[in-house]
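Content type mmCIF, C-alpha atoms and all ligand atoms, from the file input.cif:
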data_upload
#
loop_
_atom_site.label_atom_id
_atom_site.label_comp_id
_atom_site.auth_asym_id
_atom_site.auth_seq_id
_atom_site.Cartn_x
_atom_site.Cartn_y
_atom_site.Cartn_z
CA MET A 60 -40.89 32.28 1.03
CA ASP A 61 -41.83 30.57 -2.18
CA ILE A 62 -38.55 28.84 -3.14
CA THR A 63 -38.73 25.76 -5.36
CA TYR A 64 -35.18 24.64 -5.17
CA ARG A 65 -33.57 24.53 -1.74
CA PRO A 66 -30.01 23.12 -1.90
CA ARG A 67 -29.98 22.96 1.91
CA ARG A 68 -32.38 19.95 1.79
CA LEU A 69 -29.44 17.74 0.91
CA ARG A 70 -27.23 19.20 3.65
CA ARG A 71 -29.58 18.46 6.56
CA SER A 72 -27.85 15.43 8.03
CA PRO A 73 -24.50 13.65 7.94
CA SER A 74 -26.04 10.70 6.09
CA LEU A 75 -27.62 12.90 3.40
CA ARG A 76 -24.37 14.79 3.00
CA SER A 77 -22.41 11.55 2.65
CA MET A 78 -24.84 10.36 -0.05
CA VAL A 79 -24.29 13.37 -2.29
CA ARG A 80 -20.58 13.87 -1.59
CA GLU A 81 -18.81 14.12 -4.94
CA ASN A 82 -15.23 13.36 -3.93
CA SER A 83 -13.48 11.27 -1.34
CA LEU A 84 -10.06 10.82 0.20
CA ARG A 85 -8.46 7.43 0.73
CA PRO A 86 -5.03 6.58 2.13
CA SER A 87 -4.19 4.94 -1.21
CA ASP A 88 -4.49 8.39 -2.84
CA PHE A 89 -1.39 9.49 -0.95
CA ILE A 90 2.26 9.20 -1.90
CA TYR A 91 4.44 9.73 1.17
CA PRO A 92 7.76 11.61 0.64
CA LEU A 93 10.62 10.51 2.90
CA PHE A 94 14.12 11.91 3.41
CA VAL A 95 17.00 9.52 4.03
CA HIS A 96 20.56 10.09 5.21
CA GLU A 97 23.65 8.01 6.02
CA GLY A 98 23.55 8.70 9.75
CA ASN A 99 22.02 6.30 12.23
CA GLN A 100 19.77 8.83 13.92
CA VAL A 101 16.37 10.20 13.09
CA GLN A 102 17.08 13.90 12.46
CA PRO A 103 14.23 16.39 12.73
CA ILE A 104 13.99 19.03 9.98
CA GLY A 105 13.66 22.57 11.31
CA ALA A 106 11.19 24.03 8.83
CA MET A 107 9.16 20.81 8.56
CA PRO A 108 7.99 19.84 12.05
CA GLY A 109 6.98 16.17 12.09
CA ALA A 110 9.19 15.28 9.10
CA SER A 111 12.68 13.83 9.55
CA ARG A 112 15.76 12.57 7.84
CA TRP A 113 15.55 8.84 8.40
CA SER A 114 18.42 6.43 8.84
CA LEU A 115 18.08 3.26 6.75
CA ASP A 116 16.96 1.25 9.83
CA SER A 117 14.37 3.74 10.96
CA LEU A 118 13.16 4.14 7.36
CA ILE A 119 11.95 0.53 7.38
CA HIS A 120 9.80 1.20 10.45
CA GLU A 121 8.37 4.39 9.04
CA VAL A 122 7.45 2.70 5.76
CA GLN A 123 5.92 -0.22 7.67
CA ARG A 124 3.84 2.25 9.68
CA ALA A 125 2.69 3.95 6.47
CA TRP A 126 1.72 0.58 4.97
CA GLU A 127 -0.37 -0.28 8.03
CA LEU A 128 -2.17 3.07 7.68
CA GLY A 129 -3.13 2.15 4.11
CA ILE A 130 -0.50 4.15 2.21
CA ARG A 131 0.67 2.29 -0.87
CA CYS A 132 3.52 4.42 -2.24
CA VAL A 133 6.52 6.26 -0.83
CA VAL A 134 9.00 8.55 -2.64
CA LEU A 135 12.59 8.75 -1.44
CA PHE A 136 14.89 11.81 -1.33
CA PRO A 137 18.56 11.58 -0.28
CA LYS A 138 20.51 13.96 1.97
CA VAL A 139 23.86 13.31 0.34
CA ASP A 140 27.06 13.69 2.28
CA GLU A 141 28.91 16.90 1.34
CA SER A 142 32.05 14.86 0.55
CA LEU A 143 30.18 12.96 -2.21
CA LYS A 144 28.94 16.04 -4.04
CA THR A 145 30.65 17.01 -7.30
CA GLU A 146 30.09 19.61 -10.01
CA ASN A 147 28.36 17.06 -12.24
CA GLY A 148 26.75 15.00 -9.48
CA GLU A 149 28.14 11.59 -10.54
CA GLU A 150 27.03 10.09 -7.21
CA CYS A 151 23.49 10.06 -8.62
CA PHE A 152 24.26 6.87 -10.55
CA ASN A 153 26.40 5.11 -7.95
CA GLU A 154 24.87 1.63 -7.66
CA LYS A 155 25.95 1.48 -4.03
CA GLY A 156 24.68 4.98 -3.27
CA LEU A 157 22.20 5.82 -0.53
CA ILE A 158 19.06 5.65 -2.69
CA PRO A 159 19.78 2.29 -4.38
CA ARG A 160 20.55 0.80 -0.95
CA ALA A 161 17.38 2.25 0.54
CA ILE A 162 15.29 0.84 -2.33
CA GLN A 163 16.86 -2.62 -2.02
CA LEU A 164 16.27 -2.66 1.71
CA LEU A 165 12.63 -1.60 1.42
CA LYS A 166 11.96 -4.06 -1.39
CA LYS A 167 13.35 -6.82 0.83
CA GLU A 168 11.48 -5.83 4.00
CA ILE A 169 8.19 -4.46 2.61
CA PRO A 170 8.00 -5.74 -0.99
CA GLN A 171 4.32 -4.87 -1.35
CA MET A 172 4.97 -1.10 -1.03
CA THR A 173 5.33 0.83 -4.30
CA ILE A 174 8.62 2.72 -4.38
CA MET A 175 8.91 5.97 -6.31
CA THR A 176 12.20 7.80 -6.82
CA ASP A 177 13.28 11.32 -7.72
CA VAL A 178 15.47 11.85 -10.77
CA ALA A 179 17.50 15.10 -10.77
CA LEU A 180 21.05 16.11 -9.90
CA ASP A 181 20.45 18.71 -7.16
CA PRO A 182 21.05 16.52 -4.07
CA TYR A 183 24.34 15.34 -5.64
CA SER A 184 25.62 18.56 -7.20
CA ILE A 185 27.90 21.08 -5.46
CA ASP A 186 26.12 23.78 -7.45
CA GLY A 187 22.67 22.77 -6.19
CA HIS A 188 21.05 22.65 -9.62
CA ASP A 189 18.97 19.87 -11.14
CA GLY A 190 21.28 19.78 -14.14
CA ILE A 191 24.96 20.26 -14.97
CA VAL A 192 26.04 23.93 -14.85
CA SER A 193 28.51 24.95 -17.57
CA ALA A 194 31.52 27.21 -16.99
CA GLN A 195 29.37 30.06 -18.34
CA GLY A 196 26.65 29.38 -15.79
CA VAL A 197 24.18 27.69 -18.14
CA VAL A 198 22.23 24.61 -17.00
CA LEU A 199 22.98 22.16 -19.80
CA ASN A 200 20.05 20.17 -21.14
CA ASP A 201 21.28 17.28 -23.28
CA GLU A 202 24.43 16.58 -21.24
CA THR A 203 22.29 16.41 -18.08
CA ILE A 204 19.89 13.93 -19.67
CA GLU A 205 22.66 11.35 -20.08
CA PHE A 206 23.23 11.46 -16.33
CA LEU A 207 19.50 11.31 -15.56
CA CYS A 208 19.13 8.20 -17.72
CA ARG A 209 21.95 6.47 -15.84
CA GLN A 210 20.38 7.54 -12.53
CA ALA A 211 16.98 6.16 -13.56
CA VAL A 212 18.45 2.82 -14.69
CA VAL A 213 20.34 2.41 -11.40
CA GLN A 214 17.12 3.11 -9.47
CA ALA A 215 15.18 0.61 -11.58
CA GLN A 216 17.92 -1.96 -11.12
CA ALA A 217 17.64 -1.52 -7.34
CA GLY A 218 13.90 -2.25 -7.55
CA ALA A 219 12.12 1.10 -8.00
CA ASP A 220 8.56 0.84 -9.37
CA LEU A 221 8.02 4.45 -10.47
CA ILE A 222 10.72 6.82 -11.69
CA GLY A 223 10.00 10.51 -11.02
CA PRO A 224 12.02 12.94 -13.15
CA SER A 225 11.80 16.29 -11.31
CA ASP A 226 14.52 18.08 -13.26
CA MET A 227 12.48 19.75 -16.05
CA MET A 228 15.08 19.18 -18.79
CA ASP A 229 13.49 19.06 -22.26
CA GLY A 230 13.08 15.56 -23.66
CA ARG A 231 14.04 13.69 -20.51
CA VAL A 232 10.90 11.58 -20.24
CA GLY A 233 11.45 10.07 -23.70
CA ALA A 234 15.15 9.52 -23.08
CA ILE A 235 14.53 7.86 -19.70
CA ARG A 236 11.79 5.67 -21.19
CA GLU A 237 14.21 4.48 -23.87
CA ALA A 238 17.04 3.90 -21.39
CA LEU A 239 14.77 1.85 -19.12
CA ASP A 240 13.45 -0.20 -22.04
CA ASP A 241 16.95 -0.85 -23.38
CA GLU A 242 17.99 -2.27 -20.03
CA GLY A 243 14.92 -4.50 -19.71
CA TYR A 244 12.92 -2.29 -17.33
CA GLU A 245 9.92 -1.81 -19.60
CA HIS A 246 7.66 -2.62 -16.61
CA VAL A 247 8.98 0.34 -14.58
CA GLY A 248 6.70 3.39 -14.82
CA ILE A 249 7.43 7.11 -15.16
CA ILE A 250 5.60 9.63 -13.00
CA SER A 251 6.73 12.86 -14.60
CA TYR A 252 6.98 16.21 -12.86
CA THR A 253 5.15 17.63 -15.87
CA ALA A 254 4.24 21.14 -14.74
CA LYS A 255 6.85 21.96 -12.17
CA TYR A 256 6.99 25.65 -11.40
CA SER A 257 9.96 27.74 -10.32
CA SER A 258 8.50 28.21 -6.87
CA ALA A 259 9.47 29.70 -3.52
CA TYR A 260 7.42 26.96 -1.85
CA TYR A 261 10.34 24.50 -2.09
CA GLY A 262 12.38 26.32 0.60
CA PRO A 263 11.96 23.83 3.48
CA PHE A 264 12.74 20.88 1.18
CA ARG A 265 16.02 22.48 0.14
CA GLU A 266 16.84 22.92 3.82
CA ALA A 267 16.08 19.23 4.44
CA LEU A 268 18.52 18.14 1.73
CA ASP A 269 20.86 21.12 1.94
CA SER A 270 20.38 21.33 -1.83
CA ALA A 271 19.68 25.01 -2.57
CA PRO A 272 21.61 26.63 -5.45
CA ARG A 273 25.01 27.76 -4.16
CA SER A 274 26.46 31.23 -4.40
CA GLU A 275 29.07 31.84 -7.08
CA THR A 276 32.28 29.88 -6.75
CA THR A 277 34.72 29.61 -9.62
CA LYS A 278 31.92 30.10 -12.13
CA PRO A 279 28.62 31.97 -12.29
CA ILE A 280 25.77 29.92 -10.79
CA PRO A 281 22.13 30.82 -11.50
CA LYS A 282 20.45 31.96 -8.26
CA ASP A 283 17.19 30.18 -9.03
CA LYS A 284 15.82 27.48 -11.32
CA SER A 285 13.81 29.72 -13.63
CA THR A 286 15.68 28.72 -16.81
CA TYR A 287 14.24 25.21 -16.54
CA GLN A 288 11.30 25.21 -14.09
CA MET A 289 8.11 26.91 -15.28
CA ASP A 290 7.13 30.56 -14.84
CA PRO A 291 4.33 30.84 -12.22
CA ALA A 292 2.56 33.25 -14.58
CA ASN A 293 1.95 30.57 -17.21
CA SER A 294 -0.80 28.00 -17.66
CA ARG A 295 -1.02 27.23 -21.40
CA GLU A 296 2.59 26.16 -21.24
CA ALA A 297 1.57 23.42 -18.78
CA ILE A 298 -0.59 21.89 -21.51
CA THR A 299 2.38 21.84 -23.88
CA GLU A 300 4.49 20.13 -21.22
CA ALA A 301 1.71 17.58 -20.65
CA GLN A 302 1.40 16.82 -24.36
CA LEU A 303 5.16 16.33 -24.66
CA ASP A 304 5.32 14.06 -21.60
CA GLU A 305 2.45 11.98 -22.93
CA GLN A 306 4.08 11.60 -26.35
CA GLU A 307 7.36 10.70 -24.68
CA GLY A 308 5.75 7.91 -22.66
CA ALA A 309 4.93 9.26 -19.19
CA ASP A 310 2.50 7.05 -17.23
CA ILE A 311 1.39 9.66 -14.68
CA LEU A 312 1.53 13.48 -14.94
CA MET A 313 2.28 15.67 -11.94
CA VAL A 314 1.61 19.30 -11.03
CA LYS A 315 3.86 20.97 -8.48
CA PRO A 316 3.36 22.87 -6.20
CA GLY A 317 -0.26 21.95 -5.54
CA LEU A 318 -2.29 24.53 -3.69
CA ALA A 319 -1.33 27.63 -5.65
CA TYR A 320 -1.75 25.64 -8.89
CA LEU A 321 -5.19 24.02 -8.55
CA ASP A 322 -6.17 25.59 -11.87
CA ILE A 323 -3.32 23.71 -13.56
CA ILE A 324 -4.45 20.41 -12.04
CA TYR A 325 -7.94 21.11 -13.36
CA ARG A 326 -6.67 21.96 -16.85
CA LEU A 327 -4.47 18.86 -17.10
CA ARG A 328 -7.39 16.73 -15.93
CA GLU A 329 -9.44 18.16 -18.83
CA GLU A 330 -6.65 17.70 -21.38
CA SER A 331 -5.36 14.22 -20.54
CA GLU A 332 -6.72 10.79 -19.74
CA LEU A 333 -3.61 9.85 -17.75
CA PRO A 334 -3.68 9.78 -13.94
CA ILE A 335 -2.78 13.18 -12.49
CA ALA A 336 -0.76 13.69 -9.30
CA ALA A 337 -0.47 16.88 -7.23
CA TYR A 338 2.55 17.65 -5.04
CA ASN A 339 1.54 19.31 -1.77
CA VAL A 340 5.07 20.68 -1.29
CA SER A 341 7.25 21.43 1.71
CA GLY A 342 6.37 25.15 1.92
CA GLU A 343 2.64 24.36 1.95
CA TYR A 344 3.28 21.86 4.73
CA ALA A 345 5.42 24.32 6.73
CA MET A 346 2.76 27.05 6.60
CA VAL A 347 0.05 24.75 7.95
CA LYS A 348 2.35 23.45 10.69
CA ALA A 349 3.39 26.95 11.73
CA ALA A 350 -0.16 28.29 11.96
CA ALA A 351 -1.39 25.15 13.76
CA ASP A 352 1.47 25.42 16.25
CA ARG A 353 0.32 28.95 17.14
CA GLY A 354 -3.25 27.75 17.53
CA TRP A 355 -4.38 29.92 14.61
CA ILE A 356 -5.91 27.07 12.61
CA ASP A 357 -7.11 23.55 13.34
CA GLU A 358 -4.49 21.33 11.71
CA LYS A 359 -6.62 18.25 11.06
CA SER A 360 -9.50 20.15 9.44
CA VAL A 361 -7.23 22.35 7.35
CA VAL A 362 -5.14 19.40 6.12
CA LEU A 363 -8.13 17.26 5.15
CA GLU A 364 -9.83 20.22 3.44
CA THR A 365 -6.65 21.01 1.50
CA LEU A 366 -6.13 17.40 0.42
CA MET A 367 -9.77 17.22 -0.69
CA SER A 368 -9.24 20.34 -2.81
CA PHE A 369 -6.64 18.46 -4.87
CA LYS A 370 -9.11 15.64 -5.49
CA ARG A 371 -11.86 18.11 -6.39
CA ALA A 372 -9.53 19.87 -8.84
CA GLY A 373 -9.02 16.52 -10.56
CA ALA A 374 -5.95 14.90 -9.01
CA ASP A 375 -5.94 11.12 -8.56
CA LEU A 376 -2.83 11.08 -6.39
CA ILE A 377 -1.37 13.48 -3.82
CA LEU A 378 2.25 13.60 -2.72
CA THR A 379 2.05 14.92 0.83
CA TYR A 380 4.13 15.06 3.99
CA HIS A 381 0.80 14.87 5.86
CA ALA A 382 0.17 11.36 4.45
CA CYS A 383 0.40 9.37 7.70
CA ASP A 384 -1.50 11.91 9.81
CA ALA A 385 -4.19 12.24 7.17
CA ALA A 386 -4.54 8.45 6.82
CA ARG A 387 -4.95 8.19 10.59
CA TRP A 388 -7.55 11.00 10.67
CA LEU A 389 -9.52 9.30 7.89
CA GLN A 390 -9.67 6.12 9.97
CA GLU A 391 -10.96 8.07 12.99
CA LYS A 392 -13.73 9.76 11.02
C1 LIG B 401 14.47 18.40 -6.73
C2 LIG B 401 13.14 18.47 -6.07
C3 LIG B 401 12.62 19.57 -5.36
C4 LIG B 401 11.43 19.14 -4.79
C5 LIG B 401 11.22 17.81 -5.20
N1 LIG B 401 12.30 17.43 -6.00
C6 LIG B 401 13.19 20.91 -5.11
C7 LIG B 401 13.55 21.78 -6.22
O1 LIG B 401 13.17 21.59 -7.37
O2 LIG B 401 14.27 22.73 -5.94
C8 LIG B 401 10.56 19.97 -3.90
C9 LIG B 401 9.64 19.23 -2.98
C10 LIG B 401 9.07 20.05 -1.87
O3 LIG B 401 9.30 21.27 -1.74
O4 LIG B 401 8.36 19.45 -1.06
N2 LIG B 401 14.54 18.38 -8.06
#
Just give me the structure of the file as structure tokens.
Amino acid sequence: MDITYRPRRLRRSPSLRSMVRENSLRPSDFIYPLFVHEGNQVQPIGAMPGASRWSLDSLIHEVQRAWELGIRCVVLFPKVDESLKTENGEECFNEKGLIPRAIQLLKKEIPQMTIMTDVALDPYSIDGHDGIVSAQGVVLNDETIEFLCRQAVVQAQAGADLIGPSDMMDGRVGAIREALDDEGYEHVGIISYTAKYSSAYYGPFREALDSAPRSETTKPIPKDKSTYQMDPANSREAITEAQLDEQEGADILMVKPGLAYLDIIYRLREESELPIAAYNVSGEYAMVKAAADRGWIDEKSVVLETLMSFKRAGADLILTYHACDAARWLQEK
């Protein structure tokens, strides 16, 4: 055949392919999410094989292991004791709470690791919502923000490097920025959950923290988070959220979930010069684990291909429960 251009010429050998490869994965691209609890055991999580609730002692070892694999950032989520949960989630700004203690411990033992936190009320609220639920069953915006600011300041005080508001209240990035600055934490960054969708992919995470919205008690409680998290049908709205977060002082923008929202990652990459993060969430992790366990897919190849897709879409950073495995596989390659 008379073909001038043959793209296969550059695919002939591993070395040629490596020369023209457009994207790459490095362990420092990953942010490793970790669950902590008060107990002294390592508790496996049913729907997330390979992930656990760590005790404070075991957390140190896990973070050390991640550091040695080249991971440079972890994000901490608390499984809060039922007895500490309240309607308004006041435990979220307890200076002696689980998260501040975990941060202090990690900063003492592994000071070089970047520590990211989650800001929202759901692990601390009886109602299981990211904000305060009124007697009428409305998730209150401005009242919630006061609590989030106190939570962020307590986390910064404990030594957090990056504050991650995941609550989706309007105006919270600006308010948290101001609260941090007022308290002398102008060096602490904000990685905002900018385009966080009201998604069914968070199921296993809510099991891990026992933080799903509760059924009605003495007041009506919204069944899902769709009055504050984004509608999966929308993409232009993600641009609006990104513009607001940028104006309000966010340092990094995040899209969540990741895999079903690659188009949103791509659009934010086009619209903003800030670093973009993608959250490869618990449900995405659970699906891969389940299929791999049945022998239906090859876990390593599927995970590395998926993580690469986030980079290709335009993400600089990837929050993923596969972080340690992926870092190890990259070393083997
Ligand atoms: C809480 C929060 C959630 C996740 C991160 N922070 C759950 C939710 O919004 O209901 C989900 C992470 C995952 O599924 O891996 N605000």
From atom CA of Asn339 of chain A to atom CA of Asp352 of chain A the spacing works out at 19.0 Å
List every residue of segment 164-205 of chain A that has an atom at most 8 Å from any atom of segment 218-227 of chain A, giving for each one its closest atom pair and the distance in Å to one decimal, counting all atoms listed in the file, sorted by chain and then by ascending residue number, as a tab-separated table.
residue	atom	partner	partner_atom	distance
A:Lys166	CA	A:Gly218	CA	6.7
A:Thr173	CA	A:Asp220	CA	6.0
A:Ile174	CA	A:Ala219	CA	5.3
A:Met175	CA	A:Leu221	CA	4.5
A:Thr176	CA	A:Ile222	CA	5.2
A:Asp177	CA	A:Gly223	CA	4.7
A:Val178	CA	A:Pro224	CA	4.3
A:Ala179	CA	A:Asp226	CA	4.9
A:Leu180	CA	A:Asp226	CA	7.6
A:Asp189	CA	A:Asp226	CA	5.2
A:Gly190	CA	A:Asp226	CA	7.0
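Atom C1 of ligand LIG 401 (chain B) to atom CA of Ser285 of chain A spans 13.3 Å [interatomic distance, one decimal].
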Using all atoms listed in the file, which protein or nucleic acid residues come within 12 Å of Asp240 of chain A? Drop anything in the same chain fewer than 6 positions from it, and give the result as a count of residues only.
12
How would you write, as a VMD selection string, the set of residues no farther than 9 Å from ligand LIG 401 (chain B) when counting only C-alpha atoms and all ligand atoms?
chain A and resid 92 136 177 to 182 187 to 189 223 to 227 252 255 to 265 270 to 272 283 to 284 288 315 to 316 338 to 344 378 to 380
Nearest candidate to Val133 of chain A (options A:Ala385, A:Met172, A:Ala254, A:Cys151; using all atoms listed in the file):
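Between A:Ala385, A:Met172, A:Ala254, A:Cys151, the residue approaching Val133 of chain A most closely is A:Met172.
Comparing A:Thr286, A:Ser114, A:Gln214, A:Val232 by their smallest distance to Leu199 of chain A, the closest is A:Thr286 (using all atoms listed in the file).
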Just the number, please: distance in Å from atom CA of Asp186 of chain A to atom CA of Glu146 of chain A, one decimal.
6.3 Å
Shell around Phe369 of chain A at 12 Å using only C-alpha atoms, local window under 3 positions removed, as a PyMOL selection string
chain A and resi 82-84+88-89+313-325+328+335-339+362-366+372-379
Please save C-alpha atoms of the selected residues as a tab-separated table (two decimals), in the frame of the given file.
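Result file result-v1.tsv:
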chain	number	residue	atom	x	y	z
A	82	ASN	CA	-15.23	13.36	-3.93
A	83	SER	CA	-13.48	11.27	-1.34
A	84	LEU	CA	-10.06	10.82	0.20
A	88	ASP	CA	-4.49	8.39	-2.84
A	89	PHE	CA	-1.39	9.49	-0.95
A	313	MET	CA	2.28	15.67	-11.94
A	314	VAL	CA	1.61	19.30	-11.03
A	315	LYS	CA	3.86	20.97	-8.48
A	316	PRO	CA	3.36	22.87	-6.20
A	317	GLY	CA	-0.26	21.95	-5.54
A	318	LEU	CA	-2.29	24.53	-3.69
A	319	ALA	CA	-1.33	27.63	-5.65
A	320	TYR	CA	-1.75	25.64	-8.89
A	321	LEU	CA	-5.19	24.02	-8.55
A	322	ASP	CA	-6.17	25.59	-11.87
A	323	ILE	CA	-3.32	23.71	-13.56
A	324	ILE	CA	-4.45	20.41	-12.04
A	325	TYR	CA	-7.94	21.11	-13.36
A	328	ARG	CA	-7.39	16.73	-15.93
A	335	ILE	CA	-2.78	13.18	-12.49
A	336	ALA	CA	-0.76	13.69	-9.30
A	337	ALA	CA	-0.47	16.88	-7.23
A	338	TYR	CA	2.55	17.65	-5.04
A	339	ASN	CA	1.54	19.31	-1.77
A	362	VAL	CA	-5.14	19.40	6.12
A	363	LEU	CA	-8.13	17.26	5.15
A	364	GLU	CA	-9.83	20.22	3.44
A	365	THR	CA	-6.65	21.01	1.50
A	366	LEU	CA	-6.13	17.40	0.42
A	372	ALA	CA	-9.53	19.87	-8.84
A	373	GLY	CA	-9.02	16.52	-10.56
A	374	ALA	CA	-5.95	14.90	-9.01
A	375	ASP	CA	-5.94	11.12	-8.56
A	376	LEU	CA	-2.83	11.08	-6.39
A	377	ILE	CA	-1.37	13.48	-3.82
A	378	LEU	CA	2.25	13.60	-2.72
A	379	THR	CA	2.05	14.92	0.83
Nearby residues (all atoms listed in the file) at most 8 Å from Leu312 of chain A, same-chain spacing under 4 positions excluded, as a VMD selection string:
chain A and resid 250 to 253 301 304 333 to 336
Residue among A:Ile162, A:Ile130, A:Ala292, A:Leu207 lying closest to Cys383 of chain A, counting all atoms listed in the file:
A:Ile130
One residue among A:Ile185, A:Ala125, A:Val198, A:Leu75 is nearest to Ser274 of chain A when using all atoms listed in the file, and that residue is A:Ile185
So, counting only C-alpha atoms, which residue among A:Gly148, A:Gly105, A:Pro291, A:Pro137 is closest to Ala345 of chain A?
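With only C-alpha atoms as the atom set, the closest residue is A:Gly105.
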Can you pull out every residue within 10 Å of Arg112 of chain A, counting only C-alpha atoms, but drop anything in the same chain fewer than 4 positions away, and send it as a list in words?
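Near Arg112 of chain A, the qualifying residues are Leu93, Phe94, Val95, His96, Glu97, Gly98, Asn99, Gln100, Val101, Gln102, Pro103, Ile104, Ser117, Leu118, Phe136, Pro137, Lys138, Ala267 and Leu268 of chain A.
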Using only C-alpha atoms, please write the residues we just selected to a file, as a PDB file, in the frame of the given file.
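The resulting file, part-v8.pdb, is reproduced below:
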ATOM      1  CA  LEU A  93      10.620  10.510   2.900  1.00  0.00           C
ATOM      2  CA  PHE A  94      14.120  11.910   3.410  1.00  0.00           C
ATOM      3  CA  VAL A  95      17.000   9.520   4.030  1.00  0.00           C
ATOM      4  CA  HIS A  96      20.560  10.090   5.210  1.00  0.00           C
ATOM      5  CA  GLU A  97      23.650   8.010   6.020  1.00  0.00           C
ATOM      6  CA  GLY A  98      23.550   8.700   9.750  1.00  0.00           C
ATOM      7  CA  ASN A  99      22.020   6.300  12.230  1.00  0.00           C
ATOM      8  CA  GLN A 100      19.770   8.830  13.920  1.00  0.00           C
ATOM      9  CA  VAL A 101      16.370  10.200  13.090  1.00  0.00           C
ATOM     10  CA  GLN A 102      17.080  13.900  12.460  1.00  0.00           C
ATOM     11  CA  PRO A 103      14.230  16.390  12.730  1.00  0.00           C
ATOM     12  CA  ILE A 104      13.990  19.030   9.980  1.00  0.00           C
ATOM     13  CA  SER A 117      14.370   3.740  10.960  1.00  0.00           C
ATOM     14  CA  LEU A 118      13.160   4.140   7.360  1.00  0.00           C
ATOM     15  CA  PHE A 136      14.890  11.810  -1.330  1.00  0.00           C
ATOM     16  CA  PRO A 137      18.560  11.580  -0.280  1.00  0.00           C
ATOM     17  CA  LYS A 138      20.510  13.960   1.970  1.00  0.00           C
ATOM     18  CA  ALA A 267      16.080  19.230   4.440  1.00  0.00           C
ATOM     19  CA  LEU A 268      18.520  18.140   1.730  1.00  0.00           C
TER      20      LEU A 268
END
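Nearest residue to Ser142 of chain A among A:Val213, A:Glu358, A:Ser184, A:Arg371 is A:Ser184, counting all atoms listed in the file.
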Please list as a ChimeraX atom specification every residue within 8 Å of Ala386 of chain A, counting only C-alpha atoms and excluding residues in the same chain fewer than 4 positions away.
/A:85-86,128-130,382,390
Prev. selection, C-alpha atoms, output as a CSV table (one decimal), in the coordinates of the input:
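File again32.csv, as written:
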chain,number,residue,atom,x,y,z
A,85,ARG,CA,-8.5,7.4,0.7
A,86,PRO,CA,-5.0,6.6,2.1
A,128,LEU,CA,-2.2,3.1,7.7
A,129,GLY,CA,-3.1,2.2,4.1
A,130,ILE,CA,-0.5,4.2,2.2
A,382,ALA,CA,0.2,11.4,4.4
A,390,GLN,CA,-9.7,6.1,10.0
Once you add 8 Å to each side, what are the centre and edge lengths of the axis-aligned box holding all listed atoms of segment 253-266 of chain A? One decimal in Å, as AutoDock Vina command-line options, if you can.
--center_x 10.5 --center_y 23.7 --center_z -6.0 --size_x 28.6 --size_y 28.1 --size_z 35.7
